[in-house]
Amino acid sequence: MKDKLLVGRKPVLDAISAGTELEKVWISTTLKGDVEKELRALTRSKDIPLQYVPAEKISSITSTKQHQGVAAMLSLVEYHKTEDVLPHLYEQGKTPALLVLDGIEDVRNLGALARSAVWFGMDAIIIGTKRSARVNAFAYKASAGAIKDIIICREPSLTKALQFLKDSGVQILVSGMDASDEISNINYQEPIALVMGSEGKGVVRELVAMADGRVHIPGTAKVESLNVSVAGAILMYDVFRKRNIK
C-alpha cells in the first residue's frame, strides 16, 4: 500500500468538486488569489484538512517543483460522519462501542489502535480533522491492513461529535492516569465511547468536561504512563470481555 498524491491546482480542485476522498491538502504559503480562496472554501465545506506550507515542502512531498503550489493526498479509507453512523448502529440492534482519538498524531499508534479496535469488535473510530495522524500508508502498515475493516468518522469538532453521542444515549468514558474509576468498575453493557488522548497532553479539557466517567488502568506506576495503543487495547479488551465472555 502506497500513498497516492494529486499534484497541481486543477487536479486537486477537480477531485474535491467530484467528492473524491482526500486525506489532506497542502497549499503553498505564497499562493494567493481566487485559487487559494476556492481551495480554502472547498476544503472547509468538505471537512478536508488543509495545511499551508512553504513551496519547498510541497516539492519534497511530491518530488517535483511543477506543483503550482498545490498538492493533495488521496484517502486510503472512506470517511463517515458520526451523526450518520450511530443511528445505523442502533437500527442494527447493536449496543455501540466507539473509540474516540483526541490528538493521536503518531501514525503507528493510530494503526495499532485500529488493529485492536477491529480485533475487539469496536463499531467505529472517531478522529478529528486537526491534531490527528493521517490515515496513510504507514498507518495502514501498522494496522496490518485492519484500518480498512472498520468505520472511521472524521469530524471537524470532536466536542460537537461527543455532544451528539451524549444526546443519543452514549456514555462518554475518558481515559487518563489521574482518573478515579478503574476499568473493573465500568458498566460496559451500555453504549460507550472510549476517549483516548495523546501520551504527552492527554485528552483536552473540553472533552474531559463532557465525560460521564473517567477511567484508568491500574498498575505499578513504575513508569509514567502506558503507550496509548497499549492502553487502548487493554480498555477495548475489557469491553469485549465483559460483553462477550460469560
# chains A, B, ... in the order shown; residues from 1 in each chain; ligands from 1
$ select_by_dssp --residues "stretch 5-205 of chain A" --states "strand (DSSP E)" --output "PyMOL selection string"
chain A and resi 5-7+22-28+50-53+70-74+79-80+97-102+124-128+151-155+171-175+181-182+192-197
$ write_last_selection --atoms "N, CA and C atoms" --output "short mmCIF file (atom, residue, chain, number, x, y, z; two decimals), in the first residue's frame"
data_model
loop_
_atom_site.label_atom_id
_atom_site.label_comp_id
_atom_site.auth_asym_id
_atom_site.auth_seq_id
_atom_site.Cartn_x
_atom_site.Cartn_y
_atom_site.Cartn_z
N LEU A 5 -0.76 10.66 -4.55
CA LEU A 5 -0.82 12.12 -4.50
C LEU A 5 -1.44 12.69 -5.76
N LEU A 6 -2.10 13.83 -5.59
CA LEU A 6 -2.55 14.66 -6.70
C LEU A 6 -1.70 15.92 -6.68
N VAL A 7 -1.23 16.33 -7.83
CA VAL A 7 -0.31 17.46 -7.91
C VAL A 7 -0.86 18.49 -8.89
N LEU A 22 -10.22 12.79 0.14
CA LEU A 22 -8.86 13.28 0.27
C LEU A 22 -8.44 13.25 1.73
N GLU A 23 -7.23 12.83 1.96
CA GLU A 23 -6.69 12.77 3.32
C GLU A 23 -6.27 14.15 3.79
N LYS A 24 -5.65 14.91 2.87
CA LYS A 24 -5.14 16.22 3.24
C LYS A 24 -4.82 17.01 1.98
N VAL A 25 -4.89 18.33 2.10
CA VAL A 25 -4.49 19.23 1.02
C VAL A 25 -3.42 20.16 1.53
N TRP A 26 -2.38 20.34 0.73
CA TRP A 26 -1.32 21.29 1.06
C TRP A 26 -1.36 22.45 0.08
N ILE A 27 -1.25 23.67 0.59
CA ILE A 27 -1.20 24.87 -0.24
C ILE A 27 0.05 25.66 0.14
N SER A 28 0.72 26.16 -0.86
CA SER A 28 1.90 26.98 -0.61
C SER A 28 1.51 28.28 0.08
N LEU A 50 -6.58 21.04 5.74
CA LEU A 50 -5.83 21.93 4.85
C LEU A 50 -4.65 22.50 5.62
N GLN A 51 -3.48 22.47 4.97
CA GLN A 51 -2.28 22.99 5.63
C GLN A 51 -1.52 23.89 4.67
N TYR A 52 -1.14 25.07 5.17
CA TYR A 52 -0.31 25.98 4.41
C TYR A 52 1.15 25.70 4.75
N VAL A 53 1.94 25.46 3.73
CA VAL A 53 3.35 25.10 3.93
C VAL A 53 4.20 25.84 2.90
N VAL A 70 0.15 23.54 -5.03
CA VAL A 70 -0.98 22.77 -4.51
C VAL A 70 -0.72 21.27 -4.67
N ALA A 71 -1.04 20.52 -3.63
CA ALA A 71 -0.96 19.06 -3.70
C ALA A 71 -1.96 18.47 -2.71
N ALA A 72 -2.31 17.23 -2.93
CA ALA A 72 -3.26 16.56 -2.04
C ALA A 72 -2.93 15.08 -1.98
N MET A 73 -3.32 14.45 -0.88
CA MET A 73 -3.16 13.01 -0.72
C MET A 73 -4.53 12.35 -0.77
N LEU A 74 -4.66 11.34 -1.61
CA LEU A 74 -5.90 10.57 -1.67
C LEU A 74 -6.06 9.74 -0.41
N TYR A 79 -14.34 8.09 4.63
CA TYR A 79 -14.69 8.71 5.90
C TYR A 79 -16.21 8.86 6.03
N HIS A 80 -16.68 8.76 7.26
CA HIS A 80 -18.10 8.86 7.56
C HIS A 80 -18.31 9.96 8.59
N ALA A 97 -20.12 0.54 20.56
CA ALA A 97 -18.84 0.71 21.26
C ALA A 97 -17.92 1.46 20.30
N LEU A 98 -17.58 2.69 20.66
CA LEU A 98 -16.85 3.58 19.77
C LEU A 98 -15.52 3.99 20.40
N LEU A 99 -14.52 4.16 19.57
CA LEU A 99 -13.22 4.63 20.03
C LEU A 99 -13.00 6.03 19.50
N VAL A 100 -12.79 6.99 20.40
CA VAL A 100 -12.57 8.39 20.02
C VAL A 100 -11.12 8.74 20.29
N LEU A 101 -10.42 9.22 19.28
CA LEU A 101 -8.99 9.52 19.40
C LEU A 101 -8.78 11.02 19.32
N ASP A 102 -8.28 11.59 20.40
CA ASP A 102 -8.06 13.03 20.50
C ASP A 102 -6.56 13.33 20.50
N ALA A 124 -16.70 1.61 15.51
CA ALA A 124 -16.19 2.72 14.71
C ALA A 124 -15.10 3.44 15.48
N ILE A 125 -14.27 4.16 14.74
CA ILE A 125 -13.25 5.05 15.31
C ILE A 125 -13.60 6.46 14.89
N ILE A 126 -13.52 7.39 15.83
CA ILE A 126 -13.80 8.80 15.54
C ILE A 126 -12.52 9.60 15.75
N ILE A 127 -12.12 10.34 14.73
CA ILE A 127 -10.92 11.17 14.81
C ILE A 127 -11.29 12.59 14.39
N GLY A 128 -10.41 13.54 14.69
CA GLY A 128 -10.63 14.93 14.31
C GLY A 128 -9.89 15.27 13.04
N ILE A 151 -15.18 1.25 10.43
CA ILE A 151 -15.71 2.56 10.06
C ILE A 151 -14.88 3.65 10.75
N ILE A 152 -14.49 4.63 9.99
CA ILE A 152 -13.75 5.77 10.55
C ILE A 152 -14.54 7.05 10.28
N CYS A 153 -14.87 7.74 11.35
CA CYS A 153 -15.57 9.02 11.25
C CYS A 153 -14.54 10.14 11.44
N ARG A 154 -14.55 11.11 10.56
CA ARG A 154 -13.64 12.25 10.69
C ARG A 154 -14.48 13.50 10.94
N GLU A 155 -14.21 14.17 12.06
CA GLU A 155 -15.04 15.28 12.49
C GLU A 155 -14.23 16.57 12.65
N GLN A 171 -22.63 6.78 26.72
CA GLN A 171 -21.85 7.28 27.85
C GLN A 171 -20.41 7.53 27.39
N ILE A 172 -19.86 8.65 27.81
CA ILE A 172 -18.52 9.07 27.41
C ILE A 172 -17.53 8.70 28.51
N LEU A 173 -16.58 7.83 28.19
CA LEU A 173 -15.57 7.41 29.14
C LEU A 173 -14.21 7.92 28.68
N VAL A 174 -13.58 8.74 29.49
CA VAL A 174 -12.29 9.34 29.15
C VAL A 174 -11.18 8.61 29.91
N SER A 175 -10.18 8.19 29.19
CA SER A 175 -9.04 7.52 29.79
C SER A 175 -8.01 8.54 30.26
N ASP A 181 -11.91 6.15 38.32
CA ASP A 181 -12.53 4.83 38.16
C ASP A 181 -11.56 3.84 37.54
N GLU A 182 -11.48 2.64 38.13
CA GLU A 182 -10.72 1.57 37.50
C GLU A 182 -11.61 0.91 36.45
N ILE A 192 -21.15 2.97 24.67
CA ILE A 192 -19.99 3.68 25.20
C ILE A 192 -19.13 4.27 24.10
N ALA A 193 -18.44 5.33 24.46
CA ALA A 193 -17.40 5.91 23.62
C ALA A 193 -16.16 6.05 24.50
N LEU A 194 -15.11 5.32 24.16
CA LEU A 194 -13.84 5.41 24.88
C LEU A 194 -13.00 6.52 24.25
N VAL A 195 -12.63 7.50 25.04
CA VAL A 195 -11.87 8.63 24.54
C VAL A 195 -10.42 8.50 25.00
N MET A 196 -9.52 8.40 24.03
CA MET A 196 -8.09 8.28 24.32
C MET A 196 -7.38 9.54 23.84
N GLY A 197 -6.44 10.03 24.65
CA GLY A 197 -5.68 11.21 24.28
C GLY A 197 -4.23 10.88 24.03
#
$ select_by_dssp --residues "stretch 141-226 of chain A" --states "helix (DSSP H, G or I)" --output "ChimeraX atom specification"
/A:141-142,146-149,158-167,183-185,205-208
$ closest_residue --among "A:Ser143, A:Asn244, A:Thr43, A:Thr62" --to "A:Ala112" --atoms "only C-alpha atoms"
A:Ser143
$ residues_around --residues "A:Ala137" --least-positions-apart "4" --cutoff "12 Å" --atoms "only C-alpha atoms" --output "ChimeraX atom specification"
/A:1-5,23,73-77,107-108,110-111,133,141-145,147-148
$ closest_residue --among "A:Gln163, A:Asn187, A:Ser225, A:Ser45" --to "A:Ala209" --atoms "only C-alpha atoms"
A:Gln163
$ residues_around --residues "A:Ser116" --least-positions-apart "5" --cutoff "9 Å" --atoms "only C-alpha atoms" --output "PDB file with C-alpha atoms, in the first residue's frame"
ATOM      1  CA  GLY A 111      -2.592   1.965  13.073  1.00  0.00           C
ATOM      2  CA  GLY A 121     -15.154  -5.687  17.737  1.00  0.00           C
ATOM      3  CA  MET A 122     -15.414  -1.930  18.165  1.00  0.00           C
ATOM      4  CA  SER A 143      -2.657  -1.792  11.406  1.00  0.00           C
ATOM      5  CA  ALA A 146      -7.143  -3.663   9.538  1.00  0.00           C
ATOM      6  CA  SER A 229      -2.017   1.994  21.750  1.00  0.00           C
ATOM      7  CA  GLY A 232      -6.383   1.445  24.214  1.00  0.00           C
ATOM      8  CA  ALA A 233      -6.009  -2.280  23.570  1.00  0.00           C
ATOM      9  CA  MET A 236     -11.065  -2.392  24.345  1.00  0.00           C
ATOM     10  CA  TYR A 237     -10.324  -5.915  25.564  1.00  0.00           C
TER      11      TYR A 237
END
$ closest_residue --among "A:Arg134, A:Asn109, A:Pro87, A:Thr82" --to "A:Pro49" --atoms "only C-alpha atoms"
A:Arg134
$ atom_distance --atom1 "atom CA of A:Leu226" --atom2 "atom CA of A:Pro156"
27.6 Å
$ closest_residue --among "A:Asp34, A:Pro191, A:Lys222, A:Asp84" --to "A:Ala161" --atoms "only C-alpha atoms"
A:Asp84
$ atom_distance --atom1 "atom CA of A:Pro96" --atom2 "atom CA of A:Val170"
7.8 Å
$ closest_residue --among "A:Gly169, A:Gly103, A:Gly213, A:Gly219" --to "A:Ala231" --atoms "only C-alpha atoms"
A:Gly219
$ closest_residue --among "A:Ser198, A:Gln189, A:Gln66, A:Thr95" --to "A:Ser168" --atoms "only C-alpha atoms"
A:Thr95
$ atom_distance --atom1 "atom CA of A:Leu235" --atom2 "atom CA of A:Val203"
15.5 Å
$ decode --residues "stretch 16-154 of chain A" --atoms "C-alpha atoms" --output "tab-separated table (two decimals), in the first residue's frame"
chain	number	residue	atom	x	y	z
A	16	ILE	CA	-12.64	17.98	-4.32
A	17	SER	CA	-15.52	19.07	-6.55
A	18	ALA	CA	-16.11	15.44	-7.60
A	19	GLY	CA	-16.34	14.31	-3.98
A	20	THR	CA	-13.11	12.30	-4.06
A	21	GLU	CA	-11.97	11.27	-0.58
A	22	LEU	CA	-8.86	13.28	0.27
A	23	GLU	CA	-6.69	12.77	3.32
A	24	LYS	CA	-5.14	16.22	3.24
A	25	VAL	CA	-4.49	19.23	1.02
A	26	TRP	CA	-1.32	21.29	1.06
A	27	ILE	CA	-1.20	24.87	-0.24
A	28	SER	CA	1.90	26.98	-0.61
A	29	THR	CA	2.06	29.95	1.72
A	30	THR	CA	2.82	32.10	-1.34
A	31	LEU	CA	-0.36	31.10	-3.22
A	32	LYS	CA	-2.85	33.98	-3.34
A	33	GLY	CA	-5.94	34.99	-5.27
A	34	ASP	CA	-9.04	33.16	-6.44
A	35	VAL	CA	-7.50	29.67	-6.47
A	36	GLU	CA	-6.43	29.92	-2.84
A	37	LYS	CA	-9.86	31.24	-1.82
A	38	GLU	CA	-11.65	28.47	-3.73
A	39	LEU	CA	-9.47	25.75	-2.24
A	40	ARG	CA	-9.95	27.14	1.24
A	41	ALA	CA	-13.73	27.27	0.83
A	42	LEU	CA	-14.00	23.81	-0.73
A	43	THR	CA	-11.85	22.06	1.85
A	44	ARG	CA	-13.79	23.72	4.66
A	45	SER	CA	-17.12	22.65	3.15
A	46	LYS	CA	-15.91	19.05	2.75
A	47	ASP	CA	-14.12	18.91	6.14
A	48	ILE	CA	-10.81	18.12	4.46
A	49	PRO	CA	-7.68	19.03	6.46
A	50	LEU	CA	-5.83	21.93	4.85
A	51	GLN	CA	-2.28	22.99	5.63
A	52	TYR	CA	-0.31	25.98	4.41
A	53	VAL	CA	3.35	25.10	3.93
A	54	PRO	CA	6.38	26.54	2.12
A	55	ALA	CA	6.58	25.66	-1.57
A	56	GLU	CA	9.74	23.70	-0.81
A	57	LYS	CA	7.73	21.39	1.45
A	58	ILE	CA	5.31	20.60	-1.37
A	59	SER	CA	8.27	19.95	-3.67
A	60	SER	CA	9.59	17.48	-1.09
A	61	ILE	CA	6.22	15.75	-0.70
A	62	THR	CA	5.60	15.44	-4.45
A	63	SER	CA	9.20	15.04	-5.66
A	64	THR	CA	8.63	17.76	-8.23
A	65	LYS	CA	8.74	21.54	-8.44
A	66	GLN	CA	5.93	21.57	-11.01
A	67	HIS	CA	3.13	21.56	-8.45
A	68	GLN	CA	1.72	25.11	-8.83
A	69	GLY	CA	1.69	25.44	-5.05
A	70	VAL	CA	-0.98	22.77	-4.51
A	71	ALA	CA	-0.96	19.06	-3.70
A	72	ALA	CA	-3.26	16.56	-2.04
A	73	MET	CA	-3.16	13.01	-0.72
A	74	LEU	CA	-5.90	10.57	-1.67
A	75	SER	CA	-7.54	8.81	1.28
A	76	LEU	CA	-6.99	5.10	1.78
A	77	VAL	CA	-10.36	4.84	3.55
A	78	GLU	CA	-13.85	6.24	3.15
A	79	TYR	CA	-14.69	8.71	5.90
A	80	HIS	CA	-18.10	8.86	7.56
A	81	LYS	CA	-19.98	11.19	9.89
A	82	THR	CA	-20.81	10.22	13.46
A	83	GLU	CA	-24.36	11.51	13.09
A	84	ASP	CA	-24.90	9.06	10.21
A	85	VAL	CA	-23.14	6.05	11.72
A	86	LEU	CA	-24.66	5.99	15.21
A	87	PRO	CA	-28.34	5.78	14.15
A	88	HIS	CA	-27.41	2.95	11.77
A	89	LEU	CA	-25.78	1.01	14.63
A	90	TYR	CA	-28.91	1.44	16.73
A	91	GLU	CA	-31.08	0.32	13.82
A	92	GLN	CA	-28.99	-2.86	13.61
A	93	GLY	CA	-29.82	-3.59	17.23
A	94	LYS	CA	-26.25	-3.02	18.40
A	95	THR	CA	-25.02	-1.56	21.65
A	96	PRO	CA	-22.46	0.81	20.14
A	97	ALA	CA	-18.84	0.71	21.26
A	98	LEU	CA	-16.85	3.58	19.77
A	99	LEU	CA	-13.22	4.63	20.03
A	100	VAL	CA	-12.57	8.39	20.02
A	101	LEU	CA	-8.99	9.52	19.40
A	102	ASP	CA	-8.06	13.03	20.50
A	103	GLY	CA	-4.68	14.31	19.36
A	104	ILE	CA	-3.17	10.96	18.36
A	105	GLU	CA	-0.56	12.24	15.91
A	106	ASP	CA	1.70	9.19	15.60
A	107	VAL	CA	0.60	7.10	12.61
A	108	ARG	CA	1.97	3.94	14.23
A	109	ASN	CA	-0.25	4.43	17.27
A	110	LEU	CA	-3.23	5.15	15.02
A	111	GLY	CA	-2.59	1.96	13.07
A	112	ALA	CA	-2.09	-0.16	16.19
A	113	LEU	CA	-5.28	1.21	17.77
A	114	ALA	CA	-7.23	0.46	14.59
A	115	ARG	CA	-5.92	-3.11	14.57
A	116	SER	CA	-7.01	-3.63	18.19
A	117	ALA	CA	-10.37	-1.98	17.51
A	118	VAL	CA	-11.08	-4.49	14.75
A	119	TRP	CA	-9.88	-7.42	16.86
A	120	PHE	CA	-12.08	-6.49	19.81
A	121	GLY	CA	-15.15	-5.69	17.74
A	122	MET	CA	-15.41	-1.93	18.17
A	123	ASP	CA	-18.00	-0.41	15.85
A	124	ALA	CA	-16.19	2.72	14.71
A	125	ILE	CA	-13.25	5.05	15.31
A	126	ILE	CA	-13.80	8.80	15.54
A	127	ILE	CA	-10.92	11.17	14.81
A	128	GLY	CA	-10.63	14.93	14.31
A	129	THR	CA	-9.58	16.79	11.19
A	130	LYS	CA	-7.00	18.63	13.31
A	131	ARG	CA	-4.30	17.23	15.60
A	132	SER	CA	-4.74	13.75	14.18
A	133	ALA	CA	-2.40	11.39	12.39
A	134	ARG	CA	-3.19	10.85	8.74
A	135	VAL	CA	-4.54	7.51	7.61
A	136	ASN	CA	-1.62	6.98	5.27
A	137	ALA	CA	0.47	4.03	4.13
A	138	PHE	CA	2.39	3.94	7.42
A	139	ALA	CA	-0.82	3.78	9.45
A	140	TYR	CA	-2.12	1.10	7.10
A	141	LYS	CA	1.02	-0.96	7.62
A	142	ALA	CA	0.92	-0.51	11.41
A	143	SER	CA	-2.66	-1.79	11.41
A	144	ALA	CA	-1.72	-4.79	9.24
A	145	GLY	CA	-4.43	-3.60	6.86
A	146	ALA	CA	-7.14	-3.66	9.54
A	147	ILE	CA	-7.71	0.08	9.28
A	148	LYS	CA	-9.77	-0.61	6.14
A	149	ASP	CA	-12.00	-3.01	8.07
A	150	ILE	CA	-13.55	-0.53	10.49
A	151	ILE	CA	-15.71	2.56	10.06
A	152	ILE	CA	-13.75	5.77	10.55
A	153	CYS	CA	-15.57	9.02	11.25
A	154	ARG	CA	-13.64	12.25	10.69
